[in-house]
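Visitor: This is start-v4.txt, which holds compact mmCIF, C-alpha atoms:
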```
# COMPACT_ATOMS: atom_id res chain seq x y z
CA MET J 4 35.09 54.12 73.66
CA SER J 5 35.35 57.02 71.18
CA ASP J 6 34.94 56.48 67.44
CA SER J 7 38.49 57.73 66.81
CA HIS J 8 39.95 55.24 69.30
CA ALA J 9 37.87 52.41 67.86
CA ASP J 10 39.13 53.26 64.37
CA SER J 11 42.73 53.35 65.63
CA TRP J 12 42.41 49.92 67.32
CA GLU J 13 40.84 48.40 64.21
CA GLU J 14 43.52 49.87 61.94
CA ARG J 15 46.36 48.52 64.08
CA ALA J 16 44.80 45.08 64.38
CA GLN J 17 44.22 44.85 60.65
CA SER J 18 47.75 46.08 59.89
CA HIS J 19 49.58 43.61 62.11
CA TRP J 20 47.32 40.95 63.56
CA ARG J 21 44.14 39.14 62.72
CA PHE J 22 41.99 37.75 65.56
CA ARG J 23 38.90 35.58 65.49
CA LEU J 24 36.86 33.43 67.82
CA SER J 25 37.68 29.74 67.50
CA SER J 26 35.46 28.20 70.18
CA LEU J 27 32.95 29.14 72.85
CA VAL J 28 32.11 26.84 75.74
CA SER J 29 29.04 27.81 77.75
CA PRO J 30 28.05 26.58 81.20
CA GLU J 31 24.72 24.85 81.56
CA ALA J 32 21.91 27.34 82.13
CA ALA J 33 21.41 26.26 85.73
CA ALA J 34 25.11 26.79 86.52
CA ALA J 35 25.65 30.11 84.78
CA ASP J 36 25.94 32.45 87.74
CA ALA J 37 28.57 34.07 89.95
CA SER J 38 29.33 30.80 91.74
CA ASP J 39 30.84 29.45 88.53
CA ALA J 40 33.29 32.29 87.82
CA ILE J 41 36.51 31.30 86.04
CA GLY J 42 39.52 32.74 87.86
CA ALA J 43 42.35 30.88 86.15
CA VAL J 44 42.97 29.42 82.69
CA GLU J 45 46.20 27.72 81.57
CA PHE J 46 47.44 26.04 78.40
CA ASP J 47 49.31 22.77 78.88
CA PRO J 48 52.86 23.39 77.52
CA THR J 49 52.67 20.22 75.43
CA GLY J 50 49.78 21.72 73.47
CA ARG J 51 47.23 19.03 74.31
CA LEU J 52 45.09 20.44 77.11
CA LEU J 53 43.54 23.63 78.44
CA ALA J 54 42.69 23.87 82.15
CA THR J 55 40.29 26.22 83.94
CA ALA J 56 39.49 26.73 87.62
CA GLY J 57 37.56 29.08 89.87
CA ILE J 58 35.27 29.40 92.82
CA ALA J 59 33.20 26.37 91.79
CA ARG J 60 35.99 24.23 93.34
CA LYS J 61 36.65 22.36 90.10
CA ILE J 62 39.56 22.05 87.68
CA ARG J 63 38.17 21.39 84.22
CA LEU J 64 40.31 20.03 81.41
CA TYR J 65 39.55 20.46 77.71
CA GLY J 66 41.25 18.87 74.72
CA LEU J 67 42.83 21.58 72.56
CA ALA J 68 42.14 19.60 69.40
CA ALA J 69 38.44 20.31 69.92
CA LEU J 70 38.94 24.02 70.74
CA LEU J 71 41.35 25.02 67.96
CA PRO J 72 40.71 24.71 64.21
CA PRO J 73 42.53 22.12 62.08
CA ALA J 74 45.60 23.48 60.33
CA ASP J 75 44.03 22.97 56.88
CA GLN J 76 40.96 25.10 57.66
CA SER J 77 41.66 28.78 57.11
CA GLU J 78 38.16 30.15 57.80
CA PRO J 79 36.24 27.68 59.97
CA HIS J 80 33.20 28.78 61.92
CA ALA J 81 33.54 29.14 65.67
CA ALA J 82 32.65 25.96 67.52
CA VAL J 83 29.94 26.50 70.14
CA SER J 84 29.32 23.83 72.75
CA GLU J 85 28.04 23.31 76.26
CA ARG J 86 30.58 22.57 78.95
CA SER J 87 29.17 19.14 79.76
CA ALA J 88 29.99 18.02 76.22
CA ALA J 89 33.34 19.81 75.82
CA CYS J 90 34.97 19.05 79.19
CA ARG J 91 37.23 16.00 79.08
CA LEU J 92 37.91 15.70 82.83
CA CYS J 93 36.70 17.44 85.98
CA ILE J 94 38.78 17.36 89.18
CA CYS J 95 36.96 18.34 92.37
CA ALA J 96 38.95 20.44 94.84
CA PRO J 97 38.21 20.99 98.55
CA ALA J 98 38.21 24.81 98.33
CA LYS J 99 37.66 27.68 95.92
CA LEU J 100 40.57 27.99 93.50
CA SER J 101 42.41 31.19 92.65
CA SER J 102 45.27 30.02 90.41
CA LEU J 103 46.65 27.25 88.22
CA ARG J 104 50.01 26.42 86.68
CA TRP J 105 51.30 23.36 84.85
CA ARG J 106 54.54 22.01 86.28
CA PRO J 107 57.37 22.04 83.70
CA GLY J 108 58.98 18.68 83.04
CA SER J 109 55.79 16.73 83.85
CA ASP J 110 54.84 16.26 80.18
CA GLY J 111 51.52 17.97 80.79
CA ARG J 112 50.60 15.55 83.54
CA VAL J 113 50.90 17.60 86.76
CA ILE J 114 49.09 20.85 87.44
CA GLY J 115 49.49 22.99 90.55
CA SER J 116 46.75 25.07 92.15
CA GLY J 117 46.38 27.64 94.91
CA ASP J 118 43.17 27.98 96.91
CA TYR J 119 41.24 30.26 99.20
CA ASP J 120 42.20 28.17 102.27
CA GLY J 121 45.92 28.85 101.77
CA VAL J 122 46.78 25.42 100.39
CA VAL J 123 48.91 24.60 97.34
CA THR J 124 47.91 21.32 95.73
CA GLU J 125 49.34 19.41 92.77
CA TYR J 126 47.21 16.98 90.79
CA ASP J 127 48.22 14.19 88.45
CA VAL J 128 45.60 14.72 85.77
CA GLU J 129 46.06 11.26 84.25
CA ARG J 130 45.32 9.53 87.54
CA ASN J 131 43.00 12.26 88.89
CA ALA J 132 45.01 12.09 92.09
CA VAL J 133 46.67 14.52 94.52
CA VAL J 134 50.46 14.24 94.46
CA LEU J 135 51.39 17.21 96.68
CA GLU J 136 49.78 19.36 99.34
CA ARG J 137 51.39 22.33 101.07
CA ASP J 138 49.63 24.22 103.85
CA GLU J 139 52.32 26.71 104.87
CA HIS J 140 50.55 30.05 104.57
CA GLY J 141 48.66 29.90 107.86
CA GLY J 142 45.26 29.52 106.23
CA ARG J 143 45.65 32.79 104.29
CA ARG J 144 44.49 32.71 100.67
CA VAL J 145 47.02 31.69 98.03
CA TRP J 146 46.48 34.00 95.08
CA SER J 147 49.14 32.69 92.72
CA VAL J 148 51.39 29.71 92.02
CA ASP J 149 54.22 29.26 89.54
CA TYR J 150 57.23 27.05 88.77
CA SER J 151 60.78 27.69 87.71
CA ALA J 152 61.60 26.90 84.09
CA SER J 153 63.16 23.58 85.12
CA GLY J 154 60.27 22.65 87.42
CA ASP J 155 62.67 22.17 90.34
CA LEU J 156 61.15 25.01 92.38
CA GLY J 157 57.59 26.08 93.01
CA ALA J 158 56.41 29.46 94.28
CA SER J 159 53.22 30.55 96.00
CA GLY J 160 52.08 34.09 96.80
CA SER J 161 49.58 34.66 99.58
CA ASP J 162 47.53 37.09 101.60
CA ASP J 163 50.08 36.55 104.38
CA GLY J 164 52.45 38.87 102.48
CA THR J 165 54.96 36.20 101.51
CA VAL J 166 56.25 34.41 98.46
CA GLN J 167 57.31 30.92 99.47
CA LEU J 168 59.64 28.78 97.38
CA TRP J 169 59.50 24.99 97.70
CA ASP J 170 60.80 21.87 96.01
CA PRO J 171 57.89 19.96 94.41
CA ARG J 172 60.03 16.80 94.31
CA CYS J 173 59.79 16.63 98.11
CA GLY J 174 56.03 16.33 98.14
CA GLY J 175 54.33 18.35 100.83
CA SER J 176 56.99 17.64 103.42
CA GLY J 177 59.70 20.01 104.50
CA ARG J 178 59.88 23.72 105.15
CA ALA J 179 59.98 26.32 102.41
CA ALA J 180 63.30 26.62 100.61
CA ALA J 181 62.98 30.41 100.91
CA VAL J 182 60.46 32.95 102.16
CA MET J 183 60.39 36.36 100.50
CA ARG J 184 58.35 39.20 101.95
CA ALA J 185 56.41 41.99 100.26
CA GLY J 186 54.83 45.03 101.86
CA GLY J 187 51.32 43.61 101.64
CA PRO J 188 49.34 40.60 100.42
CA VAL J 189 50.98 38.97 97.38
CA CYS J 190 48.52 38.80 94.49
CA GLY J 191 50.71 37.45 91.68
CA VAL J 192 54.03 35.65 91.37
CA GLU J 193 56.14 34.47 88.43
CA PHE J 194 59.60 32.98 87.91
CA ASP J 195 61.82 34.25 85.11
CA PRO J 196 60.64 31.91 82.31
CA GLU J 197 64.09 32.03 80.70
CA GLY J 198 65.60 30.15 83.62
CA GLY J 199 67.22 32.98 85.55
CA PRO J 200 67.04 33.30 89.36
CA TRP J 201 64.51 36.13 89.31
CA VAL J 202 61.06 35.93 90.91
CA ALA J 203 58.55 38.72 90.32
CA ALA J 204 55.65 39.49 92.65
CA GLY J 205 52.75 41.92 92.58
CA SER J 206 51.38 43.15 95.91
CA ALA J 207 48.31 44.84 97.32
CA ASP J 208 50.66 47.54 98.65
CA ARG J 209 50.65 49.01 95.08
CA ARG J 210 54.16 47.82 94.34
CA ALA J 211 55.80 45.07 92.34
CA TYR J 212 58.96 43.34 93.51
CA VAL J 213 61.72 41.31 91.93
CA PHE J 214 63.63 38.88 94.16
CA ASP J 215 66.73 36.79 93.62
CA ALA J 216 65.68 33.23 94.44
CA ARG J 217 69.25 32.48 95.58
CA ALA J 218 69.00 35.10 98.34
CA GLY J 219 65.30 35.73 98.81
CA ALA J 220 65.56 36.44 102.52
CA ALA J 221 67.80 39.41 101.73
CA GLY J 222 64.81 41.29 100.36
CA PRO J 223 63.91 42.43 96.86
CA VAL J 224 66.55 43.45 94.34
CA ALA J 225 64.03 45.83 92.76
CA THR J 226 60.89 47.59 94.01
CA LEU J 227 58.62 49.14 91.40
CA GLY J 228 56.20 51.84 92.48
CA GLY J 229 53.78 53.57 90.12
CA HIS J 230 50.44 51.84 90.32
CA GLU J 231 47.80 53.72 92.27
CA ARG J 232 46.09 50.56 93.58
CA ALA J 233 46.88 46.89 94.17
CA VAL J 234 49.23 45.15 91.72
CA THR J 235 47.44 41.95 90.74
CA TYR J 236 49.88 40.41 88.24
CA ALA J 237 53.59 40.56 87.42
CA ARG J 238 54.71 38.85 84.19
CA PHE J 239 58.10 38.81 82.52
CA ALA J 240 58.22 40.03 78.94
CA GLN J 241 60.67 38.62 76.40
CA GLY J 242 64.09 39.12 77.89
CA TRP J 243 64.27 38.92 81.66
CA ARG J 244 65.03 42.63 82.07
CA ARG J 245 61.47 43.68 81.24
CA LEU J 246 58.41 43.13 83.40
CA VAL J 247 54.70 43.79 82.82
CA THR J 248 52.50 44.53 85.83
CA SER J 249 48.74 44.91 86.16
CA GLY J 250 46.79 46.88 88.74
CA THR J 251 43.28 47.64 89.84
CA ASP J 252 43.98 51.23 88.83
CA GLY J 253 43.01 50.15 85.30
CA THR J 254 46.53 50.01 83.86
CA HIS J 255 49.14 47.53 82.77
CA ARG J 256 52.71 48.85 82.96
CA LEU J 257 55.96 47.86 81.29
CA TRP J 258 59.16 48.20 83.30
CA GLU J 259 62.89 47.91 82.88
CA TRP J 260 63.08 46.59 86.38
CA GLU J 261 66.86 46.70 86.94
CA GLN J 262 66.73 50.48 86.49
CA GLY J 263 63.34 50.80 88.19
CA ARG J 264 62.13 52.66 85.10
CA GLN J 265 58.56 52.59 83.83
CA VAL J 266 58.64 52.39 80.03
CA ARG J 267 54.95 52.57 79.20
CA ALA J 268 51.44 52.40 80.66
CA TYR J 269 48.61 50.63 78.82
CA ARG J 270 45.04 51.89 79.21
CA GLY J 271 41.68 51.04 77.72
CA HIS J 272 40.40 48.08 79.71
CA SER J 273 38.35 48.55 82.88
CA ASN J 274 39.70 47.30 86.22
CA ALA J 275 38.78 48.84 89.56
CA ARG J 276 37.75 45.98 91.82
CA SER J 277 38.43 42.48 90.43
CA PHE J 278 41.26 40.33 89.16
CA VAL J 279 40.61 40.61 85.41
CA GLY J 280 43.45 38.45 84.15
CA MET J 281 46.65 39.41 82.35
CA SER J 282 49.01 37.29 80.25
CA VAL J 283 52.05 38.11 78.11
CA TRP J 284 52.83 36.26 74.88
CA ARG J 285 56.56 36.73 75.15
CA GLY J 286 57.43 35.54 71.64
CA ALA J 287 55.13 38.09 70.02
CA GLY J 288 55.29 40.95 72.51
CA LEU J 289 51.54 40.99 73.15
CA ILE J 290 49.55 41.48 76.37
CA GLY J 291 46.20 39.73 76.76
CA SER J 292 43.84 41.35 79.24
CA GLY J 293 40.42 40.83 80.73
CA SER J 294 38.17 43.69 81.70
CA GLU J 295 35.24 44.61 83.92
CA SER J 296 33.52 45.78 80.72
CA GLU J 297 33.07 42.11 79.69
CA GLU J 298 35.64 42.48 76.92
CA VAL J 299 38.97 40.95 75.98
CA PHE J 300 41.78 43.38 75.16
CA VAL J 301 45.11 42.86 73.41
CA TYR J 302 47.97 45.35 73.64
CA ASP J 303 51.19 45.43 71.66
CA LEU J 304 54.07 46.22 74.03
CA ARG J 305 55.10 49.05 71.70
CA TRP J 306 51.85 51.02 71.96
CA GLU J 307 49.85 52.39 74.86
CA ASP J 308 46.41 51.79 73.29
CA PRO J 309 44.96 48.33 72.64
CA ILE J 310 45.27 46.86 69.16
CA TRP J 311 42.17 44.67 69.49
CA VAL J 312 39.05 44.65 71.66
CA GLN J 313 36.37 41.97 71.58
CA GLY J 314 33.09 41.85 73.46
CA PHE J 315 32.58 38.59 75.30
CA ARG J 316 29.80 36.80 73.45
CA ARG J 317 27.51 34.67 75.55
CA ARG J 318 23.92 33.49 75.60
CA ARG J 319 22.42 36.05 77.95
CA HIS J 320 18.88 34.73 77.59
CA GLU J 321 20.11 31.47 79.08
CA SER J 322 22.38 32.87 81.78
CA GLY J 323 20.11 35.64 83.01
CA SER J 324 23.11 37.96 83.14
CA SER J 325 22.63 41.40 84.62
CA GLY J 326 25.48 42.78 82.52
CA ASN J 327 27.73 43.23 85.58
CA GLY J 328 30.11 40.39 84.76
CA PHE J 329 33.77 40.58 83.87
CA VAL J 330 36.49 38.64 82.09
CA GLY J 331 38.54 37.32 85.00
CA ALA J 332 41.19 35.09 83.42
CA VAL J 333 43.26 35.11 80.23
CA SER J 334 46.18 33.02 78.99
CA TRP J 335 48.30 32.90 75.83
CA MET J 336 49.59 29.67 74.40
CA GLN J 337 53.33 30.30 74.71
CA LEU J 338 54.68 29.69 71.21
CA PRO J 339 58.37 30.46 70.55
CA SER J 340 57.72 33.23 68.02
CA ASP J 341 55.00 35.19 66.25
CA GLY J 342 55.50 33.37 62.96
CA GLU J 343 52.78 30.80 63.60
CA PRO J 344 49.13 31.11 64.69
CA GLY J 345 48.69 31.95 68.35
CA ALA J 346 45.87 31.21 70.76
CA LEU J 347 44.36 33.26 73.58
CA ALA J 348 41.96 31.72 76.10
CA ALA J 349 39.64 33.82 78.25
CA GLY J 350 37.23 32.92 81.05
CA ALA J 351 34.35 35.01 82.38
CA SER J 352 32.61 35.48 85.70
CA ASP J 353 29.59 33.50 84.48
CA GLY J 354 31.70 30.43 83.63
CA THR J 355 31.89 31.02 79.87
CA LEU J 356 35.17 30.02 78.18
CA GLN J 357 36.31 31.42 74.83
CA VAL J 358 39.39 30.62 72.76
CA PHE J 359 40.61 33.01 70.07
CA VAL J 360 43.20 32.37 67.38
CA THR J 361 45.48 35.03 65.94
CA MET J 362 47.88 35.36 63.05
CA LYS J 363 50.38 38.05 62.22
CA ILE J 364 49.57 39.29 58.75
CA SER J 365 52.13 42.05 58.25
CA ASN J 366 55.73 42.66 59.28
CA SER J 367 55.65 46.34 58.44
CA TYR J 368 56.07 48.87 61.22
```
Before anything else, please render the file you have as structure tokens.
Guide:
Amino acid sequence: MSDSHADSWEERAQSHWRFRLSSLVSPEAAAADASDAIGAVEFDPTGRLLATAGIARKIRLYGLAALLPPADQSEPHAAVSERSAACRLCICAPAKLSSLRWRPGSDGRVIGSGDYDGVVTEYDVERNAVVLERDEHGGRRVWSVDYSASGDLGASGSDDGTVQLWDPRCGGSGRAAAVMRAGGPVCGVEFDPEGGPWVAAGSADRRAYVFDARAGAAGPVATLGGHERAVTYARFAQGWRRLVTSGTDGTHRLWEWEQGRQVRAYRGHSNARSFVGMSVWRGAGLIGSGSESEEVFVYDLRWEDPIWVQGFRRRRHESGSSGNGFVGAVSWMQLPSDGEPGALAAGASDGTLQVFVTMKISNSY
């Protein structure tokens, strides 16, 4: 990172956004190794819980009230705690977990997961019970799960090269409502969060696709080529016509997908081999990103360079880290606009969880 770039990032962050660490949750010293990597982190849409999952075969739930500062405290110190004290509930899964998503309309009660054995499972977190299991990907790893805005449809993307749509109200019974095919393993999938019929998918074939859920078998309505390596995430930006993709070529890219036009490429983070996490705060137009440099990055959709970069603090003397870790999962709390404080959660390959808060401090452009 050059001094001029660092100065530019700091100037932009100070001019428009202010970020700070709110809480840090560390794994116990004996557990802080690669087998505890966090691969997914998701805010409950009701604003009560934060969920994490990864290759330790556990879904951990944290109360947001303990991770975020009270509204009447403008400059609180970051809360530092060990996971055993901070975790409210731990759900044990039968396989390593690659993805999480809360089901809309469940009042923050049902969370879906995808695992390395190709199974989609839904859990009722209040009863700590399985309410749905789907094993329709032939044992091939499920990289990503998502739900339509209404919660009436679920989607899973897998190493088998398909995106499968299914009705979660039918439990695990019944065939897929639709099967949509990419040109390679499907690494990321997302429904249009504004309720439209569009389903976006990122694929290891270096392309992103947009499908019409009403006619998925007809093939994609848009194919976006530009990444030089696998496309790991595809997220809709505000307004369904724009899509943000992430690749292991070290870029995020903004598209006007109907025209197949790349608007902008975002560079600064490091990503050549792992899923480093990417999330879009649609109301504010911000991208949150992990990195193989053990840093968290934030990009404004308007600018190619990051506006904020933060090293991932952790207690190295306890974890015995070799410095080869990465930030593998990030998630924004999806607030309706940028007029109120936001929150960004990030999980690392050693099992450390951090939550940052942000506030827009200037409306000048």
Visitor: Return the single residue from J:Ser101, J:Ser25, J:Ser294, J:Gln357 that is closest to Asn327 (chain J), with distances computed using only C-alpha atoms.
Guide: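 Smallest distance to Asn327 (chain J) is found for J:Ser294.
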Visitor: Calculate how many Å separate CA of Leu356 (chain J) from CA of Asn131 (chain J), rounding to one decimal.
Guide: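 Distance between the two atoms: 22.2 Å.
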Visitor: Would you work out the distance separating CA of Ser334 (chain J) from CA of Glu139 (chain J), expressed in Å to one decimal?
Guide: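 CA of Glu139 (chain J) lies 27.3 Å from CA of Ser334 (chain J).
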Visitor: Would you work out the distance separating CA of Ala332 (chain J) from CA of Pro72 (chain J), expressed in Å to one decimal?
Guide: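 So the answer is 21.8 Å.
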Visitor: Please, which residues are within 12 Å of (45.4, 52.3, 88.2) by the file's coordinates, counting all atoms listed in the file, and could they come as a ChimeraX atom specification?
Guide: /J:209-210,228-235,248-256,268-276
Visitor: So, with all atoms listed in the file as the atoms that count, which of J:Gln262, J:Ser147, J:Gln167, J:Gln337 lies closest to Ala237 (chain J)?
Guide: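 Going through J:Gln262, J:Ser147, J:Gln167, J:Gln337 one by one, the smallest distance to Ala237 (chain J) is for J:Ser147.
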Visitor: So, with only C-alpha atoms as the atoms that count, which of J:Glu307, J:Glu45, J:Glu136, J:Glu297 lies closest to Asp170 (chain J)?
Guide: J:Glu136
Visitor: What residues have an atom no more than 12 Å from (50.3, 19.5, 70.7) in the file's own frame, counting all atoms listed in the file, and can you write them as a VMD selection string?
Guide: chain J and resid 46 to 53 66 to 69 71 73 110 to 111 336 to 338
Visitor: Which is closest to Gly288 (chain J) among J:Arg137, J:Arg238, J:Arg264, J:Arg143, if we use only C-alpha atoms?
Guide: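 Closest residue, counting only C-alpha atoms: J:Arg238.
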Visitor: Could you pull the residues within 6 Å of Leu347 (chain J), counting all atoms listed in the file, minus those fewer than 4 positions along the same chain, as a list in words?
Guide: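 The contact residues come out as Ser334, Trp335, Val358 and Phe359 of chain J.
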Visitor: Identify, on the basis of only C-alpha atoms, every residue whose closest approach to Thr361 (chain J) does not exceed 10 Å; exclude the query and any residue fewer than 3 positions from it along the same chain; express the result as a list in words.
Guide: Trp20, Arg21, Phe22, Arg23, Leu24, Ser25, Asp341, Glu343, Pro344, Gly345, Ala346, Leu347 and Ile364 of chain J
Visitor: When you count only C-alpha atoms, which of these residues is closest to Ala81 (chain J): J:Ala152, J:Ile114, J:Leu27, J:Val189?
Guide: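 Using only C-alpha atoms, Ala81 (chain J) sits closest to J:Leu27.
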Visitor: Calculated over only C-alpha atoms, which of the candidates J:Leu156, J:Val44, J:Leu227, J:Val122 has the smallest distance to Ala351 (chain J)?
Guide: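 For Ala351 (chain J), the nearest of the candidates is J:Val44.
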Visitor: Which residues are close to Thr355 (chain J), i.e. within 7 Å by all atoms listed in the file, leaving aside same-chain residues fewer than 3 positions away? Reply as a PDB file with C-alpha atoms, in the coordinates of the input.
Guide:
```
ATOM      1  CA  VAL J  28      32.110  26.840  75.740  1.00  0.00           C
ATOM      2  CA  SER J  29      29.040  27.810  77.750  1.00  0.00           C
ATOM      3  CA  PRO J  30      28.050  26.580  81.200  1.00  0.00           C
ATOM      4  CA  GLY J 350      37.230  32.920  81.050  1.00  0.00           C
ATOM      5  CA  ALA J 351      34.350  35.010  82.380  1.00  0.00           C
TER       6      ALA J 351
END
```
Visitor: Tell me which protein, DNA and RNA residues are within 12 Å of Gly142 (chain J), counting only C-alpha atoms, leaving out same-chain ones fewer than 3 positions away, and put them as a ChimeraX atom specification.
Guide: /J:98,117-123,137-139,145,161-163
Visitor: Write out as a list of chain:residue names each polymer residue whose atoms come within 10 Å of Thr226 (chain J), counting only C-alpha atoms; drop sequence neighbours fewer than 6 positions from it.
Guide: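 Residues near the query, excluding close chain neighbours: J:Ala185, J:Ala203, J:Ala204, J:Arg210, J:Ala211, J:Tyr212, J:Val213, J:Phe214, J:Trp260, J:Glu261, J:Gln262, J:Gly263.
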Visitor: For region 105-126 of chain J, which lacks atoms in the input, supply N, CA and C atoms and format the output as a compact mmCIF listing (two decimals), keeping the file's coordinate frame.
Guide:
```txt
# COMPACT_ATOMS: atom_id res chain seq x y z
N TRP J 105 50.76 24.68 85.18
CA TRP J 105 51.30 23.36 84.85
C TRP J 105 52.76 23.28 85.28
N ARG J 106 53.15 22.15 85.85
CA ARG J 106 54.54 22.01 86.28
C ARG J 106 55.43 21.60 85.10
N PRO J 107 56.46 22.40 84.78
CA PRO J 107 57.37 22.04 83.70
C PRO J 107 58.04 20.70 83.97
N GLY J 108 58.31 19.96 82.90
CA GLY J 108 58.98 18.68 83.04
C GLY J 108 58.05 17.53 83.37
N SER J 109 56.74 17.80 83.52
CA SER J 109 55.79 16.73 83.85
C SER J 109 55.08 16.20 82.62
N ASP J 110 55.45 16.70 81.43
CA ASP J 110 54.84 16.26 80.18
C ASP J 110 53.34 16.49 80.19
N GLY J 111 52.92 17.63 80.75
CA GLY J 111 51.52 17.97 80.79
C GLY J 111 50.68 17.07 81.67
N ARG J 112 51.32 16.49 82.68
CA ARG J 112 50.60 15.55 83.54
C ARG J 112 50.27 16.14 84.90
N VAL J 113 51.09 17.06 85.40
CA VAL J 113 50.90 17.60 86.76
C VAL J 113 50.57 19.08 86.69
N ILE J 114 49.49 19.46 87.36
CA ILE J 114 49.09 20.85 87.44
C ILE J 114 49.01 21.26 88.91
N GLY J 115 49.54 22.45 89.20
CA GLY J 115 49.49 22.99 90.55
C GLY J 115 48.38 24.02 90.68
N SER J 116 47.82 24.12 91.89
CA SER J 116 46.75 25.07 92.15
C SER J 116 46.96 25.73 93.50
N GLY J 117 46.44 26.95 93.63
CA GLY J 117 46.38 27.64 94.91
C GLY J 117 44.94 27.92 95.26
N ASP J 118 44.59 27.83 96.56
CA ASP J 118 43.17 27.98 96.91
C ASP J 118 42.93 29.01 98.00
N TYR J 119 41.66 29.24 98.27
CA TYR J 119 41.24 30.26 99.20
C TYR J 119 41.57 29.89 100.65
N ASP J 120 41.85 28.61 100.92
CA ASP J 120 42.20 28.17 102.27
C ASP J 120 43.70 28.21 102.53
N GLY J 121 44.48 28.73 101.57
CA GLY J 121 45.92 28.85 101.77
C GLY J 121 46.72 27.61 101.45
N VAL J 122 46.13 26.69 100.69
CA VAL J 122 46.78 25.42 100.39
C VAL J 122 47.21 25.38 98.92
N VAL J 123 48.42 24.89 98.69
CA VAL J 123 48.91 24.60 97.34
C VAL J 123 48.77 23.09 97.12
N THR J 124 48.14 22.73 96.02
CA THR J 124 47.91 21.32 95.73
C THR J 124 48.34 21.02 94.30
N GLU J 125 49.01 19.89 94.11
CA GLU J 125 49.34 19.41 92.77
C GLU J 125 48.50 18.17 92.48
N TYR J 126 48.01 18.11 91.24
CA TYR J 126 47.21 16.98 90.79
C TYR J 126 47.87 16.30 89.60
```
